[in-house]
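Next comes model_29.tsv, with TSV, N, CA and C atoms.
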chain	number	residue	atom	x	y	z
J	1114	MET	N	113.50	78.56	88.11
J	1114	MET	CA	114.33	79.60	88.69
J	1114	MET	C	115.65	78.96	89.12
J	1115	LYS	N	116.73	79.69	88.90
J	1115	LYS	CA	118.05	79.18	89.25
J	1115	LYS	C	118.17	78.98	90.76
J	1116	ASN	N	118.94	77.97	91.13
J	1116	ASN	CA	119.15	77.64	92.54
J	1116	ASN	C	119.76	78.81	93.31
J	1117	SER	N	120.67	79.57	92.66
J	1117	SER	CA	121.30	80.71	93.34
J	1117	SER	C	120.25	81.78	93.66
J	1118	ASN	N	119.27	81.96	92.78
J	1118	ASN	CA	118.22	82.94	93.04
J	1118	ASN	C	117.29	82.49	94.16
J	1119	ILE	N	117.03	81.20	94.22
J	1119	ILE	CA	116.21	80.67	95.33
J	1119	ILE	C	116.93	80.90	96.65
J	1120	LYS	N	118.25	80.66	96.66
J	1120	LYS	CA	119.03	80.87	97.88
J	1120	LYS	C	119.00	82.35	98.30
J	1121	LEU	N	119.14	83.25	97.33
J	1121	LEU	CA	119.08	84.68	97.64
J	1121	LEU	C	117.72	85.06	98.24
J	1122	LEU	N	116.65	84.56	97.65
J	1122	LEU	CA	115.32	84.85	98.19
J	1122	LEU	C	115.16	84.29	99.60
J	1123	LYS	N	115.70	83.11	99.85
J	1123	LYS	CA	115.62	82.53	101.19
J	1123	LYS	C	116.39	83.39	102.20
J	1124	ILE	N	117.58	83.85	101.80
J	1124	ILE	CA	118.37	84.72	102.69
J	1124	ILE	C	117.60	86.01	102.99
J	1125	GLY	N	117.05	86.63	101.94
J	1125	GLY	CA	116.29	87.85	102.13
J	1125	GLY	C	115.05	87.64	102.97
J	1126	ALA	N	114.36	86.52	102.76
J	1126	ALA	CA	113.16	86.24	103.54
J	1126	ALA	C	113.51	85.97	105.01
J	1127	ILE	N	114.59	85.25	105.25
J	1127	ILE	CA	115.03	84.99	106.63
J	1127	ILE	C	115.39	86.30	107.33
J	1128	GLN	N	116.10	87.18	106.62
J	1128	GLN	CA	116.44	88.48	107.21
J	1128	GLN	C	115.18	89.29	107.49
J	1129	THR	N	114.18	89.15	106.65
J	1129	THR	CA	112.92	89.86	106.85
J	1129	THR	C	112.18	89.30	108.06
J	1130	VAL	N	112.18	87.98	108.24
J	1130	VAL	CA	111.58	87.37	109.43
J	1130	VAL	C	112.29	87.87	110.68
J	1131	LEU	N	113.61	87.92	110.63
J	1131	LEU	CA	114.38	88.40	111.80
J	1131	LEU	C	114.07	89.86	112.11
J	1132	MET	N	113.93	90.68	111.07
J	1132	MET	CA	113.59	92.09	111.29
J	1132	MET	C	112.20	92.20	111.90
J	1133	ALA	N	111.26	91.40	111.42
J	1133	ALA	CA	109.89	91.43	111.98
J	1133	ALA	C	109.90	91.01	113.44
J	1134	ALA	N	110.62	89.94	113.75
J	1134	ALA	CA	110.69	89.47	115.14
J	1134	ALA	C	111.35	90.52	116.03
J	1135	TYR	N	112.41	91.14	115.53
J	1135	TYR	CA	113.09	92.19	116.29
J	1135	TYR	C	112.15	93.34	116.62
J	1136	HIS	N	111.29	93.70	115.68
J	1136	HIS	CA	110.39	94.83	115.91
J	1136	HIS	C	109.39	94.58	117.05
J	1137	PHE	N	109.09	93.34	117.34
J	1137	PHE	CA	108.22	93.05	118.48
J	1137	PHE	C	108.89	93.48	119.80
J	1138	PHE	N	110.23	93.52	119.83
J	1138	PHE	CA	110.97	93.82	121.06
J	1138	PHE	C	111.45	95.26	121.16
J	1139	ILE	N	111.31	96.02	120.08
J	1139	ILE	CA	111.77	97.42	120.10
J	1139	ILE	C	111.16	98.23	121.25
J	1140	PRO	N	109.85	98.11	121.54
J	1140	PRO	CA	109.30	98.90	122.66
J	1140	PRO	C	110.01	98.63	123.98
J	1141	PHE	N	110.49	97.41	124.17
J	1141	PHE	CA	111.18	97.07	125.41
J	1141	PHE	C	112.64	97.54	125.36
J	1142	GLN	N	113.27	97.41	124.20
J	1142	GLN	CA	114.66	97.86	124.05
J	1142	GLN	C	114.80	99.35	124.32
J	1143	PHE	N	113.83	100.13	123.84
J	1143	PHE	CA	113.90	101.58	124.01
J	1143	PHE	C	113.00	102.09	125.13
J	1144	SER	N	112.46	101.20	125.94
J	1144	SER	CA	111.64	101.54	127.12
J	1144	SER	C	110.55	102.55	126.79
J	1145	TRP	N	109.74	102.24	125.79
J	1145	TRP	CA	108.68	103.15	125.38
J	1145	TRP	C	107.75	103.51	126.53
J	1146	GLY	N	107.47	102.54	127.38
J	1146	GLY	CA	106.54	102.77	128.48
J	1146	GLY	C	106.96	103.89	129.41
J	1147	ASP	N	108.26	104.13	129.52
J	1147	ASP	CA	108.77	105.20	130.39
J	1147	ASP	C	108.42	106.60	129.87
J	1148	PHE	N	108.05	106.70	128.61
J	1148	PHE	CA	107.83	108.01	127.99
J	1148	PHE	C	106.37	108.28	127.64
J	1149	LEU	N	105.48	107.38	128.05
J	1149	LEU	CA	104.07	107.55	127.74
J	1149	LEU	C	103.37	108.31	128.85
J	1150	SER	N	102.32	109.00	128.48
J	1150	SER	CA	101.56	109.79	129.44
J	1150	SER	C	100.26	109.07	129.78
J	1151	GLU	N	99.92	109.05	131.06
J	1151	GLU	CA	98.68	108.40	131.48
J	1151	GLU	C	97.44	109.10	130.94
J	1152	GLY	N	97.55	110.35	130.57
J	1152	GLY	CA	96.40	111.12	130.11
J	1152	GLY	C	95.99	110.83	128.67
J	1153	ILE	N	96.74	110.00	127.98
J	1153	ILE	CA	96.41	109.71	126.58
J	1153	ILE	C	96.44	108.20	126.31
J	1154	PRO	N	95.57	107.44	126.97
J	1154	PRO	CA	95.62	105.98	126.85
J	1154	PRO	C	95.41	105.46	125.43
J	1155	THR	N	94.60	106.12	124.64
J	1155	THR	CA	94.35	105.64	123.28
J	1155	THR	C	95.60	105.78	122.42
J	1156	ILE	N	96.32	106.88	122.57
J	1156	ILE	CA	97.56	107.06	121.81
J	1156	ILE	C	98.62	106.07	122.30
J	1157	ASN	N	98.68	105.85	123.61
J	1157	ASN	CA	99.62	104.86	124.15
J	1157	ASN	C	99.34	103.48	123.56
J	1158	TRP	N	98.08	103.09	123.57
J	1158	TRP	CA	97.69	101.79	123.01
J	1158	TRP	C	98.03	101.74	121.53
J	1159	SER	N	97.74	102.81	120.81
J	1159	SER	CA	97.97	102.85	119.36
J	1159	SER	C	99.45	102.69	119.02
J	1160	LEU	N	100.31	103.29	119.82
J	1160	LEU	CA	101.75	103.18	119.57
J	1160	LEU	C	102.19	101.72	119.59
J	1161	TYR	N	101.79	101.00	120.62
J	1161	TYR	CA	102.15	99.57	120.71
J	1161	TYR	C	101.41	98.76	119.65
J	1162	ALA	N	100.13	99.07	119.43
J	1162	ALA	CA	99.34	98.32	118.47
J	1162	ALA	C	99.93	98.45	117.06
J	1163	LEU	N	100.23	99.68	116.65
J	1163	LEU	CA	100.79	99.87	115.31
J	1163	LEU	C	102.12	99.14	115.15
J	1164	ASN	N	102.96	99.18	116.15
J	1164	ASN	CA	104.22	98.46	116.09
J	1164	ASN	C	103.98	96.95	115.97
J	1165	ASN	N	103.06	96.44	116.77
J	1165	ASN	CA	102.77	95.00	116.72
J	1165	ASN	C	102.08	94.61	115.42
J	1166	TYR	N	101.17	95.43	114.91
J	1166	TYR	CA	100.52	95.14	113.64
J	1166	TYR	C	101.55	95.10	112.52
J	1167	PHE	N	102.41	96.11	112.50
J	1167	PHE	CA	103.47	96.15	111.49
J	1167	PHE	C	104.33	94.89	111.58
J	1168	SER	N	104.78	94.56	112.77
J	1168	SER	CA	105.66	93.41	112.97
J	1168	SER	C	104.97	92.13	112.52
J	1169	PHE	N	103.71	91.99	112.88
J	1169	PHE	CA	102.95	90.79	112.51
J	1169	PHE	C	102.80	90.68	111.00
J	1170	ASN	N	102.41	91.77	110.34
J	1170	ASN	CA	102.23	91.73	108.88
J	1170	ASN	C	103.53	91.40	108.15
J	1171	LEU	N	104.62	92.01	108.57
J	1171	LEU	CA	105.91	91.72	107.96
J	1171	LEU	C	106.30	90.26	108.20
J	1172	LEU	N	106.07	89.79	109.40
J	1172	LEU	CA	106.37	88.39	109.72
J	1172	LEU	C	105.56	87.43	108.86
J	1173	VAL	N	104.27	87.68	108.71
J	1173	VAL	CA	103.40	86.80	107.92
J	1173	VAL	C	103.85	86.76	106.46
J	1174	VAL	N	104.12	87.91	105.87
J	1174	VAL	CA	104.56	87.93	104.46
J	1174	VAL	C	105.86	87.14	104.30
J	1175	ALA	N	106.82	87.38	105.18
J	1175	ALA	CA	108.11	86.70	105.07
J	1175	ALA	C	108.00	85.20	105.32
J	1176	VAL	N	107.17	84.80	106.27
J	1176	VAL	CA	106.99	83.37	106.55
J	1176	VAL	C	106.30	82.68	105.36
J	1177	PHE	N	105.31	83.32	104.78
J	1177	PHE	CA	104.66	82.74	103.60
J	1177	PHE	C	105.64	82.64	102.43
J	1178	LEU	N	106.49	83.64	102.27
J	1178	LEU	CA	107.50	83.57	101.22
J	1178	LEU	C	108.44	82.40	101.47
J	1179	LEU	N	108.91	82.25	102.70
J	1179	LEU	CA	109.78	81.11	103.03
J	1179	LEU	C	109.07	79.78	102.79
J	1180	TYR	N	107.83	79.69	103.20
J	1180	TYR	CA	107.06	78.46	102.98
J	1180	TYR	C	107.04	78.10	101.50
J	1181	HIS	N	106.74	79.07	100.66
J	1181	HIS	CA	106.69	78.79	99.22
J	1181	HIS	C	108.07	78.47	98.65
J	1182	LEU	N	109.09	79.11	99.16
J	1182	LEU	CA	110.44	78.83	98.67
J	1182	LEU	C	110.90	77.43	99.05
J	1183	PHE	N	110.51	76.96	100.23
J	1183	PHE	CA	110.94	75.64	100.68
J	1183	PHE	C	110.02	74.51	100.21
J	1184	TYR	N	108.72	74.75	100.17
J	1184	TYR	CA	107.78	73.65	99.93
J	1184	TYR	C	106.92	73.79	98.68
J	1185	LYS	N	106.82	74.96	98.12
J	1185	LYS	CA	105.94	75.18	96.97
J	1185	LYS	C	106.67	75.99	95.90
J	1186	ASN	N	107.93	75.65	95.64
J	1186	ASN	CA	108.71	76.49	94.73
J	1186	ASN	C	108.23	76.43	93.28
J	1187	GLU	N	107.26	75.57	92.99
J	1187	GLU	CA	106.67	75.57	91.65
J	1187	GLU	C	105.64	76.70	91.50
J	1188	CYS	N	105.24	77.32	92.59
J	1188	CYS	CA	104.26	78.42	92.58
J	1188	CYS	C	105.00	79.74	92.35
J	1189	GLN	N	105.55	79.88	91.16
J	1189	GLN	CA	106.38	81.03	90.83
J	1189	GLN	C	105.64	82.36	90.94
J	1190	HIS	N	104.38	82.37	90.56
J	1190	HIS	CA	103.61	83.62	90.61
J	1190	HIS	C	103.45	84.11	92.06
J	1191	THR	N	103.15	83.19	92.96
J	1191	THR	CA	103.01	83.55	94.38
J	1191	THR	C	104.34	84.02	94.95
J	1192	ILE	N	105.42	83.33	94.60
J	1192	ILE	CA	106.75	83.74	95.06
J	1192	ILE	C	107.07	85.13	94.53
J	1193	LYS	N	106.72	85.38	93.29
J	1193	LYS	CA	106.98	86.71	92.69
J	1193	LYS	C	106.21	87.79	93.45
J	1194	ILE	N	104.93	87.57	93.70
J	1194	ILE	CA	104.11	88.57	94.40
J	1194	ILE	C	104.65	88.82	95.82
J	1195	LEU	N	104.92	87.75	96.56
J	1195	LEU	CA	105.44	87.92	97.92
J	1195	LEU	C	106.81	88.60	97.92
J	1196	SER	N	107.63	88.29	96.94
J	1196	SER	CA	108.95	88.93	96.83
J	1196	SER	C	108.81	90.40	96.51
J	1197	ILE	N	107.87	90.75	95.63
J	1197	ILE	CA	107.64	92.16	95.30
J	1197	ILE	C	107.16	92.92	96.53
J	1198	ILE	N	106.24	92.33	97.27
J	1198	ILE	CA	105.76	92.98	98.50
J	1198	ILE	C	106.93	93.21	99.46
J	1199	THR	N	107.78	92.22	99.59
J	1199	THR	CA	108.91	92.31	100.52
J	1199	THR	C	109.93	93.35	100.06
J	1200	ILE	N	110.25	93.37	98.78
J	1200	ILE	CA	111.22	94.37	98.31
J	1200	ILE	C	110.63	95.77	98.41
J	1201	LEU	N	109.32	95.90	98.22
J	1201	LEU	CA	108.69	97.21	98.41
J	1201	LEU	C	108.83	97.68	99.86
J	1202	PHE	N	108.69	96.74	100.80
J	1202	PHE	CA	108.92	97.10	102.21
J	1202	PHE	C	110.34	97.62	102.40
J	1203	TRP	N	111.34	96.89	101.86
J	1203	TRP	CA	112.72	97.30	102.05
J	1203	TRP	C	113.02	98.62	101.35
J	1204	CYS	N	112.42	98.85	100.19
J	1204	CYS	CA	112.59	100.14	99.50
J	1204	CYS	C	112.00	101.27	100.34
J	1205	PHE	N	110.80	101.06	100.85
J	1205	PHE	CA	110.17	102.08	101.69
J	1205	PHE	C	111.01	102.33	102.94
J	1206	SER	N	111.48	101.27	103.56
J	1206	SER	CA	112.31	101.40	104.76
J	1206	SER	C	113.57	102.21	104.47
J	1207	SER	N	114.22	101.91	103.38
J	1207	SER	CA	115.44	102.61	103.01
J	1207	SER	C	115.19	104.10	102.77
J	1208	ILE	N	114.18	104.39	101.98
J	1208	ILE	CA	113.86	105.79	101.66
J	1208	ILE	C	113.44	106.55	102.91
J	1209	TYR	N	112.60	105.93	103.73
J	1209	TYR	CA	112.13	106.58	104.95
J	1209	TYR	C	113.29	106.92	105.87
J	1210	GLN	N	114.24	105.98	106.02
J	1210	GLN	CA	115.36	106.20	106.92
J	1210	GLN	C	116.32	107.27	106.41
J	1211	VAL	N	116.37	107.47	105.11
J	1211	VAL	CA	117.20	108.54	104.56
J	1211	VAL	C	116.51	109.89	104.79
J	1212	ILE	N	115.21	109.93	104.55
J	1212	ILE	CA	114.46	111.18	104.70
J	1212	ILE	C	114.28	111.54	106.17
J	1213	GLU	N	113.98	110.55	106.99
J	1213	GLU	CA	113.68	110.76	108.41
J	1213	GLU	C	114.49	109.77	109.25
J	1214	PRO	N	115.78	110.04	109.46
J	1214	PRO	CA	116.61	109.09	110.23
J	1214	PRO	C	116.09	108.92	111.67
J	1215	MET	N	116.30	107.74	112.20
J	1215	MET	CA	115.87	107.46	113.56
J	1215	MET	C	116.76	108.22	114.54
J	1216	PRO	N	116.15	109.00	115.43
J	1216	PRO	CA	116.97	109.64	116.47
J	1216	PRO	C	117.42	108.57	117.47
J	1217	LEU	N	118.71	108.53	117.70
J	1217	LEU	CA	119.27	107.49	118.55
J	1217	LEU	C	120.19	108.09	119.61
J	1218	PRO	N	120.28	107.44	120.77
J	1218	PRO	CA	121.28	107.86	121.74
J	1218	PRO	C	122.68	107.59	121.17
J	1219	LYS	N	123.66	108.30	121.66
J	1219	LYS	CA	125.02	108.19	121.13
J	1219	LYS	C	125.55	106.75	121.13
J	1220	ASN	N	125.23	105.99	122.17
J	1220	ASN	CA	125.75	104.62	122.25
J	1220	ASN	C	125.14	103.69	121.20
J	1221	LEU	N	124.03	104.10	120.58
J	1221	LEU	CA	123.41	103.29	119.54
J	1221	LEU	C	123.51	103.95	118.16
J	1222	ASN	N	124.36	104.95	118.03
J	1222	ASN	CA	124.48	105.68	116.77
J	1222	ASN	C	124.87	104.77	115.60
J	1223	TRP	N	125.56	103.67	115.87
J	1223	TRP	CA	125.95	102.74	114.83
J	1223	TRP	C	124.74	102.16	114.10
J	1224	LEU	N	123.57	102.14	114.77
J	1224	LEU	CA	122.35	101.66	114.12
J	1224	LEU	C	121.92	102.57	112.97
J	1225	SER	N	122.30	103.85	113.03
J	1225	SER	CA	121.93	104.78	111.96
J	1225	SER	C	122.61	104.41	110.65
J	1226	TYR	N	123.64	103.59	110.70
J	1226	TYR	CA	124.30	103.08	109.49
J	1226	TYR	C	123.84	101.66	109.17
J	1227	LEU	N	123.70	100.86	110.22
J	1227	LEU	CA	123.34	99.45	110.03
J	1227	LEU	C	121.94	99.28	109.42
J	1228	LEU	N	120.96	99.97	109.98
J	1228	LEU	CA	119.58	99.74	109.54
J	1228	LEU	C	119.32	100.15	108.09
J	1229	PRO	N	119.71	101.36	107.66
J	1229	PRO	CA	119.54	101.67	106.23
J	1229	PRO	C	120.41	100.78	105.34
J	1230	GLY	N	121.60	100.44	105.84
J	1230	GLY	CA	122.47	99.54	105.08
J	1230	GLY	C	121.85	98.17	104.89
J	1231	LEU	N	121.23	97.66	105.93
J	1231	LEU	CA	120.55	96.38	105.84
J	1231	LEU	C	119.40	96.45	104.84
J	1232	ALA	N	118.67	97.55	104.84
J	1232	ALA	CA	117.58	97.72	103.87
J	1232	ALA	C	118.13	97.70	102.44
J	1233	LEU	N	119.23	98.41	102.22
J	1233	LEU	CA	119.83	98.43	100.88
J	1233	LEU	C	120.36	97.06	100.47
J	1234	ILE	N	120.97	96.35	101.40
J	1234	ILE	CA	121.45	95.00	101.11
J	1234	ILE	C	120.29	94.09	100.72
J	1235	ASN	N	119.18	94.18	101.45
J	1235	ASN	CA	118.03	93.35	101.13
J	1235	ASN	C	117.39	93.72	99.80
J	1236	ILE	N	117.43	94.99	99.45
J	1236	ILE	CA	116.95	95.40	98.12
J	1236	ILE	C	117.80	94.68	97.06
J	1237	GLY	N	119.10	94.68	97.27
J	1237	GLY	CA	119.99	93.99	96.33
J	1237	GLY	C	119.74	92.50	96.29
J	1238	ILE	N	119.56	91.89	97.45
J	1238	ILE	CA	119.32	90.45	97.52
J	1238	ILE	C	118.04	90.07	96.78
J	1239	PHE	N	116.99	90.86	96.93
J	1239	PHE	CA	115.72	90.55	96.27
J	1239	PHE	C	115.72	90.95	94.79
J	1240	SER	N	116.51	91.94	94.41
J	1240	SER	CA	116.48	92.44	93.03
J	1240	SER	C	116.91	91.40	92.01
J	1241	LEU	N	117.98	90.69	92.29
J	1241	LEU	CA	118.48	89.72	91.32
J	1241	LEU	C	117.46	88.63	91.00
J	1242	PRO	N	116.92	87.94	92.00
J	1242	PRO	CA	115.92	86.91	91.69
J	1242	PRO	C	114.64	87.50	91.08
J	1243	LEU	N	114.27	88.70	91.51
J	1243	LEU	CA	113.04	89.29	90.98
J	1243	LEU	C	113.14	89.58	89.48
J	1244	LYS	N	114.33	89.94	89.01
J	1244	LYS	CA	114.52	90.15	87.57
J	1244	LYS	C	114.14	88.89	86.81
J	1245	GLU	N	114.59	87.75	87.31
J	1245	GLU	CA	114.28	86.47	86.66
J	1245	GLU	C	112.79	86.14	86.79
J	1246	LEU	N	112.24	86.35	87.97
J	1246	LEU	CA	110.82	86.03	88.18
J	1246	LEU	C	109.91	86.89	87.30
J	1247	ILE	N	110.26	88.14	87.15
J	1247	ILE	CA	109.42	89.04	86.34
J	1247	ILE	C	109.48	88.64	84.87
J	1248	LYS	N	110.61	88.13	84.43
J	1248	LYS	CA	110.75	87.69	83.03
J	1248	LYS	C	109.93	86.44	82.73
J	1249	THR	N	109.76	85.57	83.73
J	1249	THR	CA	109.01	84.32	83.49
J	1249	THR	C	107.52	84.62	83.37
J	1250	LYS	N	106.86	83.87	82.52
J	1250	LYS	CA	105.45	84.13	82.20
J	1250	LYS	C	104.48	83.34	83.07
J	1251	ARG	N	104.96	82.47	83.94
J	1251	ARG	CA	104.06	81.65	84.76
J	1251	ARG	C	103.28	82.45	85.72
Would it be possible to restate this file's structure as structure tokens?
Amino acid sequence: MKNSNIKLLKIGAIQTVLMAAYHFFIPFQFSWGDFLSEGIPTINWSLYALNNYFSFNLLVVAVFLLYHLFYKNECQHTIKILSIITILFWCFSSIYQVIEPMPLPKNLNWLSYLLPGLALINIGIFSLPLKELIKTKR
């Protein structure tokens, strides 16, 4: 795989790690606890659990992709699979945000452009190297 494609995958994987880490803090940024009802403890727990499960899974995939890109770059098939999983996440994120935009307070309205834009940028970053990886028979 070309060095430029490896660099693109590393950039995309690093951005994915950062997005996963950021999602662990979203409940605190938006003060989720202030809006929960004491009468529904299972739903309250589920809200935090689903967010944390999502964040953890995204983090694990991106960290494994980075590991293979830095230390096991001869494992092209594994890099291809992890890259496909990651680009599928970004595609889903992009489509979801277009169909169901995040309701935001006015002072954070700029996020309604940044987040879908970031998803589209990452789709582009992963697309170029994936074309090469899919062509290779390893």
* Asked: Just how far from atom C of Ser1206 in chain J is atom C of Glu1187 in chain J, in Å to one decimal?
  ->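 Rounded to one decimal, the two atoms are 29.7 Å apart.
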* Asked: So how far away is CA of Ile1212 in chain J from CA of Ile1153 in chain J, in Å?
  -> 28.4 Å
* So which residues fall inside 7 Å of (112.1, 87.7, 97.4) if we count only N, CA and C atoms? Mind giving them as JSON, numbers by chain? -> {"J": [1121, 1122, 1123, 1125, 1126, 1192, 1195, 1196, 1197, 1199, 1200, 1238, 1239, 1240, 1242, 1243]}
* Asked: Pick the closest to Pro1229 in chain J from J:Gln1128, J:Gln1189, J:Ser1207, J:Asn1170: which is it, counting all atoms listed in the file?
  -> J:Ser1207
* **Among listed residues J:Cys1204, J:Ile1156, J:Ile1127, J:Leu1149, nearest Ala1175 in chain J (using only N, CA and C atoms)** =>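 Closest to Ala1175 in chain J, using only N, CA and C atoms: J:Ile1127.
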* **Distance in Å - atom C of Ala1162 in chain J versus atom N of Lys1219 in chain J** =>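 Going from atom C of Ala1162 in chain J over to atom N of Lys1219 in chain J, I get 26.1 Å.
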